[in-house]
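Chemist: Dumping the structure here so I can ask a few things about it.
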Amino acid sequence: MRKAAKLNEQPPLRLQDIAEQKSPEQSDAKEWNLRLYVAGQTPRSIAALANLKRLCEEHLSGRYTIEIVDLLKHPQLAAGDQIVAIPTLIRKLPEPLRKIVGDLRDTERALVGLQIRPASQPDQTRE
């Protein structure tokens with residue numbers, strides 16, 4: 001007879017359970033932990049940082065920390081988060097981890113990528 005190992009076995013999630021889960025912006029997470037990988041003071045790196053600060057102030061005011069990693073000074077740090085292009089933004093918290101590559105100039109794309117909803121903006125439909 002085979003005995004099945006039941007270590008940390010959990011029942012599968014139902015669709016209703018998934019629908020009822022809180023999204024990151026609804027969660028109790030008070031702090032957003034963001035890490036921006038750049039390569040020196042290039043125009044794209046500077047733009048990415050400026051755009052990130054603007055997004056954070058508009059949508060996460062006072063609930064975020066930004067860590068900037070300059071890969072020209074610390075190239076070994078790229079392997080830890082599997083960075084293949086720069087600038088790259090990593091959302092460490094709230095989980096799950098999210099990555100966005102680019103200078104974040106497309107606000108809507110950045111908000112969707114970070115799973116942040118635009119503050120006090122009605123839904124817009126395209127015709």
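Labeling convention for the structure tokens: chains A, B, ... as they appear, residues from 1 per chain, ligands from 1 in order of appearance.
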Give me the residues near A:Leu55 as number ranges by chain, where near means some atom within 10 Å (using only C-alpha atoms) and where sequence neighbours in that chain fewer than 4 positions away do not count.

Modeler: A: 49-51, 59-61, 104-105, 107, 110-111, 116, 118

Chemist: How would the residues just picked look written out with N, CA and C atoms as a tab-separated table (two decimals), in the first residue's frame?

Modeler:
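After the write, part11.tsv holds the following:
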```
chain	number	residue	atom	x	y	z
A	49	LEU	N	12.82	57.21	-12.57
A	49	LEU	CA	12.73	57.61	-11.17
A	49	LEU	C	11.72	58.74	-10.99
A	50	ALA	N	11.74	59.73	-11.87
A	50	ALA	CA	10.80	60.84	-11.77
A	50	ALA	C	9.36	60.35	-11.96
A	51	ASN	N	9.14	59.48	-12.93
A	51	ASN	CA	7.80	58.95	-13.16
A	51	ASN	C	7.33	58.08	-12.00
A	59	HIS	N	-0.76	58.04	-6.05
A	59	HIS	CA	-1.58	56.86	-5.77
A	59	HIS	C	-1.24	56.12	-4.48
A	60	LEU	N	-0.08	56.37	-3.90
A	60	LEU	CA	0.33	55.66	-2.69
A	60	LEU	C	0.85	56.60	-1.62
A	61	SER	N	0.46	57.84	-1.65
A	61	SER	CA	1.06	58.87	-0.81
A	61	SER	C	1.33	58.40	0.62
A	104	LEU	N	8.42	53.97	-17.29
A	104	LEU	CA	7.15	54.23	-16.59
A	104	LEU	C	6.43	55.47	-17.11
A	105	ARG	N	6.71	55.90	-18.32
A	105	ARG	CA	6.05	57.11	-18.84
A	105	ARG	C	4.59	56.85	-19.18
A	107	THR	N	1.52	55.97	-17.89
A	107	THR	CA	0.95	55.90	-16.55
A	107	THR	C	-0.03	54.75	-16.40
A	110	ALA	N	1.75	51.43	-16.23
A	110	ALA	CA	2.45	51.30	-14.95
A	110	ALA	C	1.47	50.97	-13.82
A	111	LEU	N	0.32	51.63	-13.81
A	111	LEU	CA	-0.68	51.38	-12.77
A	111	LEU	C	-1.22	49.95	-12.86
A	116	ILE	N	-2.23	48.86	-9.25
A	116	ILE	CA	-2.75	50.04	-8.55
A	116	ILE	C	-3.89	50.58	-9.40
A	118	PRO	N	-6.22	53.77	-10.59
A	118	PRO	CA	-6.16	55.23	-10.57
A	118	PRO	C	-7.11	55.79	-9.51
```

Chemist: Within 8 Å of A:Glu67, counting only C-alpha atoms, which residues qualify if same-chain residues fewer than 5 places away don't, as number ranges by chain?

Modeler: A: 33-36

Chemist: Just to be explicit: take each residue in the selection above, keep C-alpha atoms, and write the result as a PDB file, in the first residue's frame.

Modeler:
```pdb
ATOM      1  CA  ASN A  33       8.225  48.219  -1.143  1.00  0.00           C
ATOM      2  CA  LEU A  34       9.570  49.131  -4.598  1.00  0.00           C
ATOM      3  CA  ARG A  35      13.031  48.593  -6.055  1.00  0.00           C
ATOM      4  CA  LEU A  36      14.158  50.417  -9.194  1.00  0.00           C
TER       5      LEU A  36
END
```

Chemist: DSSP on the backbone: what in stretch 11-105 of chain A comes out strand (DSSP E), as a list in words?

Modeler: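 DSSP-assigned strand (DSSP E) residues in stretch 11-105 of chain A: Trp32, Asn33, Leu34, Arg35, Leu36, Tyr37, Val38, Tyr64, Thr65, Ile66, Glu67, Ile68, Val69, Asp70, Thr88, Leu89, Ile90, Arg91, Lys92, Leu93, Arg98, Lys99, Ile100 and Val101 of chain A.
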
Chemist: What gap, in Å, lies between atom CA of A:Trp32 and atom CA of A:Lys99?

Modeler: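 These two atoms are separated by 13.6 Å.
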
Chemist: Quick one: of A:Ala39, A:Arg54, A:Lys92, A:Gly102, who's nearest to A:Pro75, counting only C-alpha atoms?

Modeler: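 Going through A:Ala39, A:Arg54, A:Lys92, A:Gly102 one by one, the smallest distance to A:Pro75 is for A:Ala39.
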